[in-house]
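*Asks:* Structure supplied as work.cif; contents: mmCIF, C-alpha atoms and all ligand atoms.
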data_target
#
loop_
_atom_site.label_atom_id
_atom_site.label_comp_id
_atom_site.auth_asym_id
_atom_site.auth_seq_id
_atom_site.Cartn_x
_atom_site.Cartn_y
_atom_site.Cartn_z
CA MET A 25 21.84 -55.62 37.62
CA SER A 26 23.27 -56.83 40.95
CA MET A 27 21.12 -59.36 42.86
CA ARG A 28 23.15 -58.91 46.03
CA PRO A 29 21.14 -57.43 48.93
CA LYS A 30 21.95 -53.79 49.49
CA VAL A 31 23.44 -53.21 52.92
CA ALA A 32 24.02 -49.95 54.77
CA PHE A 33 26.09 -49.17 57.86
CA PHE A 34 25.27 -46.21 60.08
CA ASP A 35 26.98 -44.84 63.15
CA PHE A 36 25.48 -43.07 66.14
CA ALA A 37 27.32 -42.41 69.44
CA SER A 38 30.19 -44.89 69.31
CA CYS A 39 33.92 -45.22 68.75
CA GLU A 40 33.28 -46.85 65.32
CA GLY A 41 35.45 -49.79 66.40
CA CYS A 42 32.71 -52.23 65.44
CA GLN A 43 32.57 -50.94 61.87
CA LEU A 44 36.33 -51.35 61.71
CA GLN A 45 35.83 -55.05 62.39
CA ILE A 46 34.23 -55.32 58.92
CA ALA A 47 37.14 -53.53 57.29
CA ASN A 48 39.41 -55.91 59.27
CA LEU A 49 37.83 -59.06 57.89
CA GLU A 50 40.84 -59.37 55.55
CA ASP A 51 40.68 -63.02 54.40
CA GLU A 52 36.89 -63.08 54.22
CA LEU A 53 36.21 -59.54 52.98
CA LEU A 54 36.11 -60.36 49.26
CA ASP A 55 33.76 -63.30 49.88
CA VAL A 56 31.45 -61.06 51.89
CA LEU A 57 31.47 -58.41 49.17
CA SER A 58 30.54 -61.05 46.59
CA LEU A 59 27.35 -61.68 48.60
CA ILE A 60 26.27 -58.19 49.66
CA GLU A 61 26.35 -54.77 48.05
CA PRO A 62 27.36 -52.04 50.52
CA VAL A 63 25.60 -48.79 49.62
CA ASN A 64 26.42 -46.77 52.74
CA PHE A 65 29.59 -47.29 54.74
CA ARG A 66 31.22 -44.02 55.76
CA GLU A 67 34.49 -45.62 56.86
CA VAL A 68 35.26 -47.21 53.49
CA MET A 69 33.26 -45.46 50.73
CA THR A 70 32.01 -42.02 49.78
CA GLU A 71 28.81 -43.00 47.90
CA ARG A 72 25.47 -42.70 49.75
CA SER A 73 22.07 -44.21 49.04
CA ASP A 74 18.72 -44.60 50.79
CA ASP A 75 18.01 -47.76 48.82
CA TYR A 76 18.96 -50.67 51.12
CA ALA A 77 17.39 -53.82 52.53
CA VAL A 78 19.58 -54.33 55.58
CA ALA A 79 20.79 -51.60 57.96
CA PHE A 80 23.54 -52.24 60.50
CA ILE A 81 23.38 -49.65 63.27
CA GLU A 82 26.46 -48.96 65.35
CA GLY A 83 26.19 -46.70 68.39
CA ALA A 84 23.63 -45.54 70.91
CA CYS A 85 21.09 -42.73 70.81
CA THR A 86 22.41 -39.90 72.96
CA ARG A 87 20.46 -36.91 71.59
CA PRO A 88 16.75 -36.37 70.94
CA HIS A 89 17.31 -35.82 67.21
CA ASP A 90 19.13 -39.19 66.92
CA GLU A 91 15.66 -40.74 67.20
CA GLU A 92 14.42 -38.97 64.07
CA ARG A 93 17.40 -40.21 62.05
CA LEU A 94 17.07 -43.74 63.39
CA LYS A 95 13.36 -43.90 62.55
CA GLU A 96 14.11 -42.68 59.03
CA ILE A 97 16.68 -45.48 58.59
CA ARG A 98 14.19 -48.00 59.99
CA SER A 99 11.62 -46.88 57.41
CA HIS A 100 14.00 -47.85 54.55
CA ALA A 101 15.28 -51.15 55.97
CA ALA A 102 13.51 -54.51 55.83
CA ILE A 103 15.99 -55.78 58.42
CA LEU A 104 17.67 -53.68 61.08
CA VAL A 105 20.62 -55.05 63.05
CA ALA A 106 21.91 -53.65 66.37
CA TYR A 107 25.62 -53.85 65.72
CA GLY A 108 27.87 -53.92 68.80
CA ALA A 109 27.34 -53.16 72.47
CA CYS A 110 26.65 -49.44 72.01
CA ALA A 111 23.67 -50.13 69.75
CA HIS A 112 22.61 -53.30 71.55
CA LEU A 113 22.85 -52.13 75.18
CA GLY A 114 23.59 -48.42 75.05
CA GLY A 115 27.05 -49.57 76.16
CA VAL A 116 29.67 -47.26 77.58
CA ASN A 117 27.58 -44.25 76.55
CA CYS A 118 25.11 -45.06 79.34
CA MET A 119 27.69 -44.37 82.05
CA LYS A 120 26.65 -40.72 81.71
CA ASN A 121 23.10 -41.65 82.73
CA PHE A 122 24.28 -41.93 86.35
CA PHE A 123 25.13 -38.22 86.43
CA ASP A 124 23.27 -34.95 86.04
CA GLN A 125 23.04 -34.44 82.26
CA ASP A 126 23.78 -30.69 82.44
CA GLN A 127 26.91 -31.37 84.47
CA VAL A 128 28.03 -34.01 81.96
CA ARG A 129 27.50 -31.61 79.09
CA ALA A 130 29.40 -28.81 80.84
CA TYR A 131 32.26 -31.22 81.67
CA VAL A 132 32.61 -32.29 78.02
CA TYR A 133 31.88 -29.05 76.17
CA GLY A 134 32.85 -26.40 78.74
CA ASP A 135 31.53 -22.92 77.95
CA LYS A 136 30.06 -24.22 74.65
CA ALA A 137 27.76 -26.68 76.47
CA ALA A 138 24.61 -24.86 75.38
CA TRP A 139 25.46 -25.57 71.73
CA PHE A 140 25.06 -29.32 72.19
CA ASP A 141 21.86 -31.08 73.12
CA THR A 142 21.97 -34.37 74.98
CA TYR A 143 19.74 -36.78 76.86
CA PRO A 144 20.27 -40.06 78.74
CA ALA A 145 21.87 -42.55 76.35
CA ARG A 146 19.82 -45.53 75.23
CA PRO A 147 20.09 -48.64 73.05
CA ILE A 148 18.46 -48.44 69.63
CA SER A 149 15.81 -50.97 70.70
CA ALA A 150 14.44 -48.23 72.98
CA VAL A 151 13.60 -46.25 69.83
CA VAL A 152 12.93 -48.66 66.92
CA LYS A 153 12.21 -52.34 66.36
CA VAL A 154 15.42 -54.39 66.11
CA ASP A 155 15.43 -57.60 64.07
CA ALA A 156 18.83 -59.01 65.03
CA VAL A 157 21.68 -58.27 67.40
CA ILE A 158 25.42 -58.72 67.06
CA PRO A 159 26.67 -58.16 70.62
CA GLY A 160 30.10 -57.29 71.96
CA CYS A 161 32.59 -54.45 72.36
CA PRO A 162 33.77 -54.80 69.73
CA VAL A 163 31.73 -57.32 67.74
CA ASP A 164 33.35 -60.65 67.02
CA LYS A 165 34.13 -61.00 63.32
CA ASN A 166 33.10 -64.66 63.21
CA GLU A 167 29.76 -63.74 64.71
CA VAL A 168 29.41 -60.99 62.09
CA LEU A 169 30.00 -63.54 59.33
CA ALA A 170 27.55 -66.02 60.90
CA THR A 171 24.89 -63.30 61.19
CA VAL A 172 25.32 -62.13 57.58
CA LYS A 173 25.13 -65.77 56.44
CA ALA A 174 21.93 -66.40 58.43
CA LEU A 175 20.29 -63.22 57.14
CA LEU A 176 21.18 -64.09 53.53
CA MET A 177 19.56 -67.49 54.04
CA GLY A 178 16.42 -65.86 55.46
CA LYS A 179 17.07 -67.28 58.94
CA THR A 180 17.01 -65.55 62.31
CA PRO A 181 20.61 -65.38 63.59
CA ARG A 182 21.02 -67.29 66.84
CA LEU A 183 23.19 -66.27 69.76
CA PRO A 184 24.50 -68.60 72.48
CA ASP A 185 21.94 -68.89 75.31
CA TYR A 186 24.43 -69.88 77.99
CA PRO A 187 26.80 -67.75 80.08
CA VAL A 188 30.45 -66.84 79.50
CA CYS A 189 31.40 -69.16 82.41
CA VAL A 190 30.70 -72.15 80.15
CA GLU A 191 33.30 -71.02 77.62
CA CYS A 192 35.65 -70.03 80.44
CA LYS A 193 35.50 -73.53 81.96
CA LEU A 194 36.08 -75.09 78.53
CA ALA A 195 39.17 -72.89 78.20
CA GLU A 196 40.34 -74.28 81.58
CA ASN A 197 40.91 -70.79 82.98
CA VAL A 198 41.48 -70.15 86.67
CA CYS A 199 38.35 -68.30 87.78
CA VAL A 200 39.11 -64.65 88.57
CA PHE A 201 36.96 -64.92 91.73
CA GLU A 202 39.94 -66.92 93.05
CA LYS A 203 41.93 -63.66 92.77
CA GLY A 204 39.30 -61.69 94.70
CA LEU A 205 37.90 -60.04 91.57
CA THR A 206 34.23 -59.88 90.63
CA CYS A 207 33.19 -61.17 87.24
CA LEU A 208 30.00 -60.87 85.20
CA GLY A 209 30.67 -64.14 83.37
CA PRO A 210 27.94 -66.02 85.28
CA VAL A 211 25.18 -63.77 83.90
CA THR A 212 26.66 -62.62 80.56
CA ARG A 213 25.81 -64.17 77.20
CA ALA A 214 28.64 -66.31 75.82
CA GLY A 215 30.03 -66.11 72.31
CA CYS A 216 33.33 -64.29 72.84
CA GLY A 217 35.22 -67.42 73.92
CA ALA A 218 35.60 -65.91 77.41
CA VAL A 219 38.37 -63.76 76.01
CA CYS A 220 38.76 -61.47 79.05
CA PRO A 221 39.10 -64.19 81.72
CA SER A 222 41.39 -66.08 79.33
CA PHE A 223 43.79 -63.14 79.70
CA GLY A 224 43.31 -62.93 83.48
CA ASN A 225 40.73 -60.13 83.43
CA LYS A 226 37.18 -60.08 84.72
CA CYS A 227 34.22 -60.14 82.34
CA LEU A 228 32.54 -56.72 82.22
CA GLY A 229 29.40 -57.95 80.49
CA CYS A 230 29.84 -56.36 77.07
CA ARG A 231 27.61 -58.98 75.42
CA GLY A 232 24.64 -58.27 77.67
CA LEU A 233 22.71 -60.56 79.96
CA VAL A 234 22.14 -64.17 79.00
CA ASP A 235 18.48 -65.28 78.77
CA ASN A 236 17.13 -65.97 82.26
CA PRO A 237 20.29 -64.98 84.18
CA ASN A 238 20.51 -66.49 87.65
CA LEU A 239 21.13 -63.23 89.50
CA ASN A 240 20.45 -64.72 92.94
CA ALA A 241 23.10 -67.40 92.45
CA HIS A 242 25.48 -64.67 91.32
CA LYS A 243 24.80 -62.66 94.49
CA GLY A 244 25.29 -65.85 96.54
CA LEU A 245 28.67 -66.34 94.89
CA LEU A 246 29.68 -62.81 95.92
CA GLN A 247 28.61 -63.38 99.52
CA GLU A 248 30.54 -66.66 99.62
CA ARG A 249 33.69 -64.75 98.58
CA GLY A 250 33.12 -61.82 100.94
CA LEU A 251 32.47 -59.45 98.02
CA THR A 252 29.69 -56.86 97.80
CA VAL A 253 26.93 -56.27 95.29
CA ASP A 254 28.23 -52.70 94.89
CA GLN A 255 31.51 -54.09 93.56
CA LEU A 256 29.50 -56.02 91.01
CA LEU A 257 27.33 -53.03 90.07
CA ASN A 258 30.39 -50.95 89.26
CA SER A 259 31.32 -53.55 86.66
CA PHE A 260 27.73 -53.81 85.43
CA ARG A 261 27.60 -50.05 84.73
CA MET A 262 30.42 -50.26 82.20
CA PHE A 263 28.16 -51.72 79.49
CA ASP A 264 24.77 -52.52 80.99
CA GLY A 265 24.00 -49.32 82.90
CA TYR A 266 20.89 -48.59 80.82
CA LEU A 267 19.16 -51.62 82.34
CA GLU A 268 19.90 -50.40 85.85
CA VAL A 269 18.59 -46.87 85.28
CA ALA A 270 15.63 -47.99 83.16
CA LYS A 271 14.29 -50.64 85.56
S1 LIG B 301 30.60 -51.46 71.05
FE1 LIG B 301 32.69 -50.91 71.71
S2 LIG B 301 33.95 -51.10 69.86
FE2 LIG B 301 31.78 -51.04 69.22
S3 LIG B 301 31.38 -48.90 68.76
FE3 LIG B 301 30.75 -49.24 70.90
S4 LIG B 301 32.58 -48.69 72.12
FE4 LIG B 301 33.26 -48.96 70.01
S1 LIG B 302 36.45 -66.07 85.56
FE1 LIG B 302 34.37 -65.26 85.27
S2 LIG B 302 33.66 -66.27 83.42
FE2 LIG B 302 35.40 -67.46 84.17
S3 LIG B 302 34.48 -69.05 85.46
FE3 LIG B 302 35.04 -67.34 86.79
S4 LIG B 302 33.15 -66.15 86.94
FE4 LIG B 302 32.91 -67.47 85.15
S1 LIG B 303 34.53 -61.85 78.55
FE1 LIG B 303 32.82 -60.48 79.00
S2 LIG B 303 33.60 -58.39 78.71
FE2 LIG B 303 35.07 -59.83 77.76
S3 LIG B 303 34.44 -59.93 75.61
FE3 LIG B 303 33.40 -61.59 76.67
S4 LIG B 303 31.40 -60.76 77.29
FE4 LIG B 303 32.73 -59.03 76.76
#
Will you turn the file into structure tokens for me?
Ligand code: SF4
Ligand code: SF4
Ligand code: SF4
*Replies:*
Amino acid sequence: MSMRPKVAFFDFASCEGCQLQIANLEDELLDVLSLIEPVNFREVMTERSDDYAVAFIEGACTRPHDEERLKEIRSHAAILVAYGACAHLGGVNCMKNFFDQDQVRAYVYGDKAAWFDTYPARPISAVVKVDAVIPGCPVDKNEVLATVKALLMGKTPRLPDYPVCVECKLAENVCVFEKGLTCLGPVTRAGCGAVCPSFGNKCLGCRGLVDNPNLNAHKGLLQERGLTVDQLLNSFRMFDGYLEVAK
């Protein structure tokens, strides 16, 4: 009998890009499979089982009946992991929360809108207890490996508690504020290696807010550069809109 912990992957509203990161592990995949036993993973296997210890949830809740399914999964899992920005923050799904929900539904489904229920999107922590988070859009495969390793050792996975700017400075990037762009790096949790600013783009906050973000200093930085808070909020709504609507 296998002593490997049984692990299940589930998707809610998402693009499934985070699950693909597991399939993309390539060099490490066989090692990972020697340590865990996947029992549910729609993208790579057809078997299904309700017998699992760890559930990785990808995607946000966007319909009332998603909550029922999520609670059922929670009841089977000793450990539940919010996997990727959609599950962790609500992510891009929450952009619809800034609009009238009936209008959104009609825009997407046209004259079949009544067939599809919907409600403001939310992260899974708004519905069930979450034991660990792997942030990012998509998740970083090294962070996935580190989280799996920590969970197998019975430890709580740790995330960096400093902002993206720290990694950006270490990478010796030219700050995008110098180009007149806004950037959420000062208030966003590090761990991605400041990948977006490293390629000349602004950080859009896909990893969520760092602990104790210094929002006033961030606003001061905008004022110094002649930029507005509205410009910043537009970026914030890409991944972190749930926080803005929920507060
Ligand atoms: S976090 Fe990004 S990559 Fe992952 S499922 Fe959501 S949209 Fe896709
Ligand atoms: S580009 Fe963004 S992440 Fe990099 S230093 Fe400037 S504000 Fe911070
Ligand atoms: S730089 Fe910002 S938006 Fe880009 S991956 Fe990192 S946290 Fe996400």
*Asks:* Set the cut-off to 7 Å, count all atoms listed in the file, and list whatever residues fall near ligand LIG 301 (chain B) as a PyMOL selection string.
*Replies:* chain A and resi 38-42+82-83+108-110+115-116+160-163
*Asks:* Determine the nearest neighbour of Asn121 of chain A from the options A:Ala156, A:Met262, A:Leu194, A:Val200, counting all atoms listed in the file.
*Replies:*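 Under the stated criterion, the closest residue is A:Met262.
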*Asks:* Rank nothing, just name the residue among A:Val157, A:Ala145, A:Ile60, A:Leu54 nearest to Tyr107 of chain A, using only C-alpha atoms.
*Replies:*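 Using only C-alpha atoms, the shortest distance to Tyr107 of chain A belongs to A:Val157.
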*Asks:* What do you get as a VMD selection string if you pick all residues at most 9 Å from ligand LIG 302 (chain B), counting all atoms listed in the file?
*Replies:* chain A and resid 187 to 193 195 to 202 205 to 212 218 220 to 222 224 to 227 242
*Asks:* Keeping only C-alpha atoms, take the residues you just selected and write them out as an mmCIF file, in the coordinates of the input.
*Replies:*
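In the end it all went to out_18.cif:
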data_model
loop_
_atom_site.group_PDB
_atom_site.id
_atom_site.type_symbol
_atom_site.label_atom_id
_atom_site.label_comp_id
_atom_site.auth_asym_id
_atom_site.auth_seq_id
_atom_site.Cartn_x
_atom_site.Cartn_y
_atom_site.Cartn_z
ATOM 1 C CA PRO A 187 26.800 -67.750 80.080
ATOM 2 C CA VAL A 188 30.450 -66.840 79.500
ATOM 3 C CA CYS A 189 31.400 -69.160 82.410
ATOM 4 C CA VAL A 190 30.700 -72.150 80.150
ATOM 5 C CA GLU A 191 33.300 -71.020 77.620
ATOM 6 C CA CYS A 192 35.650 -70.030 80.440
ATOM 7 C CA LYS A 193 35.500 -73.530 81.960
ATOM 8 C CA ALA A 195 39.170 -72.890 78.200
ATOM 9 C CA GLU A 196 40.340 -74.280 81.580
ATOM 10 C CA ASN A 197 40.910 -70.790 82.980
ATOM 11 C CA VAL A 198 41.480 -70.150 86.670
ATOM 12 C CA CYS A 199 38.350 -68.300 87.780
ATOM 13 C CA VAL A 200 39.110 -64.650 88.570
ATOM 14 C CA PHE A 201 36.960 -64.920 91.730
ATOM 15 C CA GLU A 202 39.940 -66.920 93.050
ATOM 16 C CA LEU A 205 37.900 -60.040 91.570
ATOM 17 C CA THR A 206 34.230 -59.880 90.630
ATOM 18 C CA CYS A 207 33.190 -61.170 87.240
ATOM 19 C CA LEU A 208 30.000 -60.870 85.200
ATOM 20 C CA GLY A 209 30.670 -64.140 83.370
ATOM 21 C CA PRO A 210 27.940 -66.020 85.280
ATOM 22 C CA VAL A 211 25.180 -63.770 83.900
ATOM 23 C CA THR A 212 26.660 -62.620 80.560
ATOM 24 C CA ALA A 218 35.600 -65.910 77.410
ATOM 25 C CA CYS A 220 38.760 -61.470 79.050
ATOM 26 C CA PRO A 221 39.100 -64.190 81.720
ATOM 27 C CA SER A 222 41.390 -66.080 79.330
ATOM 28 C CA GLY A 224 43.310 -62.930 83.480
ATOM 29 C CA ASN A 225 40.730 -60.130 83.430
ATOM 30 C CA LYS A 226 37.180 -60.080 84.720
ATOM 31 C CA CYS A 227 34.220 -60.140 82.340
ATOM 32 C CA HIS A 242 25.480 -64.670 91.320
#
*Asks:* Mind pulling up the distance from atom CA of Asp164 of chain A to atom CA of Arg231 of chain A?
*Replies:* 10.3 Å
*Asks:* What gap, in Å, lies between atom CA of Val68 of chain A and atom CA of Met119 of chain A?
*Replies:* 29.7 Å
*Asks:* Which of these residues is nearest to Ser149 of chain A, using all atoms listed in the file: A:Leu104, A:Arg28, A:Glu61, A:Asp55?
*Replies:*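 Selected residue with least distance to Ser149 of chain A: A:Leu104.
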*Asks:* Of the residues A:Cys118, A:Val219, A:Ala47, A:Val154, which is the one nearest to Glu268 of chain A, using only C-alpha atoms?
*Replies:*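 For Glu268 of chain A, the nearest of the given residues is A:Cys118.
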*Asks:* Tell me which of A:Gln43, A:Asn48, A:Thr86, A:Ser259 sits closest to Ile148 of chain A, counting only C-alpha atoms.
*Replies:*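 For Ile148 of chain A, the nearest of the given residues is A:Thr86.
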*Asks:* Excluding Phe123 of chain A and its own-chain neighbours fewer than 6 positions away, which residues fall within 12 Å of it when counting only C-alpha atoms? Please give them as a list in words.
*Replies:*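 Within the cut-off, the hits are Asn117, Arg129, Ala130, Tyr131, Tyr143, Pro144, Ala145, Gly265 and Val269 of chain A.
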*Asks:* Write to file, as a PDB file, in the frame of the given file, the residues of the selection just made, with C-alpha atoms.
*Replies:*
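Output below, filename part28.pdb:
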ATOM      1  CA  ASN A 117      27.580 -44.250  76.550  1.00  0.00           C
ATOM      2  CA  ARG A 129      27.500 -31.610  79.090  1.00  0.00           C
ATOM      3  CA  ALA A 130      29.400 -28.810  80.840  1.00  0.00           C
ATOM      4  CA  TYR A 131      32.260 -31.220  81.670  1.00  0.00           C
ATOM      5  CA  TYR A 143      19.740 -36.780  76.860  1.00  0.00           C
ATOM      6  CA  PRO A 144      20.270 -40.060  78.740  1.00  0.00           C
ATOM      7  CA  ALA A 145      21.870 -42.550  76.350  1.00  0.00           C
ATOM      8  CA  GLY A 265      24.000 -49.320  82.900  1.00  0.00           C
ATOM      9  CA  VAL A 269      18.590 -46.870  85.280  1.00  0.00           C
TER      10      VAL A 269
END
*Asks:* Show me the residues close to (29.7, -59.8, 49.2) - anything with an atom within 12 Å, counting all atoms listed in the file - and format the list as a PyMOL selection string.
*Replies:* chain A and resi 26-31+46+49+52-63+169+172-173+176
*Asks:* I need the residues from that last selection saved to file as a PDB file, in the coordinates of the input (with C-alpha atoms), if you can.
*Replies:*
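Final file, selection-v8.pdb:
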ATOM      1  CA  SER A  26      23.270 -56.830  40.950  1.00  0.00           C
ATOM      2  CA  MET A  27      21.120 -59.360  42.860  1.00  0.00           C
ATOM      3  CA  ARG A  28      23.150 -58.910  46.030  1.00  0.00           C
ATOM      4  CA  PRO A  29      21.140 -57.430  48.930  1.00  0.00           C
ATOM      5  CA  LYS A  30      21.950 -53.790  49.490  1.00  0.00           C
ATOM      6  CA  VAL A  31      23.440 -53.210  52.920  1.00  0.00           C
ATOM      7  CA  ILE A  46      34.230 -55.320  58.920  1.00  0.00           C
ATOM      8  CA  LEU A  49      37.830 -59.060  57.890  1.00  0.00           C
ATOM      9  CA  GLU A  52      36.890 -63.080  54.220  1.00  0.00           C
ATOM     10  CA  LEU A  53      36.210 -59.540  52.980  1.00  0.00           C
ATOM     11  CA  LEU A  54      36.110 -60.360  49.260  1.00  0.00           C
ATOM     12  CA  ASP A  55      33.760 -63.300  49.880  1.00  0.00           C
ATOM     13  CA  VAL A  56      31.450 -61.060  51.890  1.00  0.00           C
ATOM     14  CA  LEU A  57      31.470 -58.410  49.170  1.00  0.00           C
ATOM     15  CA  SER A  58      30.540 -61.050  46.590  1.00  0.00           C
ATOM     16  CA  LEU A  59      27.350 -61.680  48.600  1.00  0.00           C
ATOM     17  CA  ILE A  60      26.270 -58.190  49.660  1.00  0.00           C
ATOM     18  CA  GLU A  61      26.350 -54.770  48.050  1.00  0.00           C
ATOM     19  CA  PRO A  62      27.360 -52.040  50.520  1.00  0.00           C
ATOM     20  CA  VAL A  63      25.600 -48.790  49.620  1.00  0.00           C
ATOM     21  CA  LEU A 169      30.000 -63.540  59.330  1.00  0.00           C
ATOM     22  CA  VAL A 172      25.320 -62.130  57.580  1.00  0.00           C
ATOM     23  CA  LYS A 173      25.130 -65.770  56.440  1.00  0.00           C
ATOM     24  CA  LEU A 176      21.180 -64.090  53.530  1.00  0.00           C
TER      25      LEU A 176
END
*Asks:* Identify which of the residues A:Lys120, A:Arg213, A:Lys136, A:Lys153 lies closest to ligand LIG 303 (chain B), counting all atoms listed in the file when measuring atom-to-atom distances.
*Replies:*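 Ranked by minimum distance to ligand LIG 303 (chain B), first place goes to A:Arg213.
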*Asks:* How far is it from atom CA of His112 of chain A to atom CA of His89 of chain A, in Å with one decimal?
*Replies:*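 Going from atom CA of His112 of chain A over to atom CA of His89 of chain A covers 18.8 Å.
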*Asks:* Grab all the atoms of ligand LIG 303 (chain B) that the file lists, wrap them in a box along x, y and z, add 3 Å per side, and give me centre plus edge lengths in Å (one decimal) as AutoDock Vina command-line options.
*Replies:*
--center_x 33.2 --center_y -60.1 --center_z 77.3 --size_x 9.7 --size_y 9.5 --size_z 9.4
*Asks:* Tell me, as JSON, numbers by chain, which residues lie within 7 Å of Ala32 of chain A, counting all atoms listed in the file; anything in the same chain fewer than 6 positions away does not count.
*Replies:* {"A": [62, 63, 64, 65, 76, 78, 79, 80]}
*Asks:* Tell me which residues come within 8 Å of (20.6, -71.6, 84.1), as a PDB file with C-alpha atoms, keeping the file's coordinate frame, counting only C-alpha atoms in the file's coordinates.
*Replies:*
ATOM      1  CA  TYR A 186      24.430 -69.880  77.990  1.00  0.00           C
ATOM      2  CA  ASN A 236      17.130 -65.970  82.260  1.00  0.00           C
ATOM      3  CA  PRO A 237      20.290 -64.980  84.180  1.00  0.00           C
ATOM      4  CA  ASN A 238      20.510 -66.490  87.650  1.00  0.00           C
TER       5      ASN A 238
END
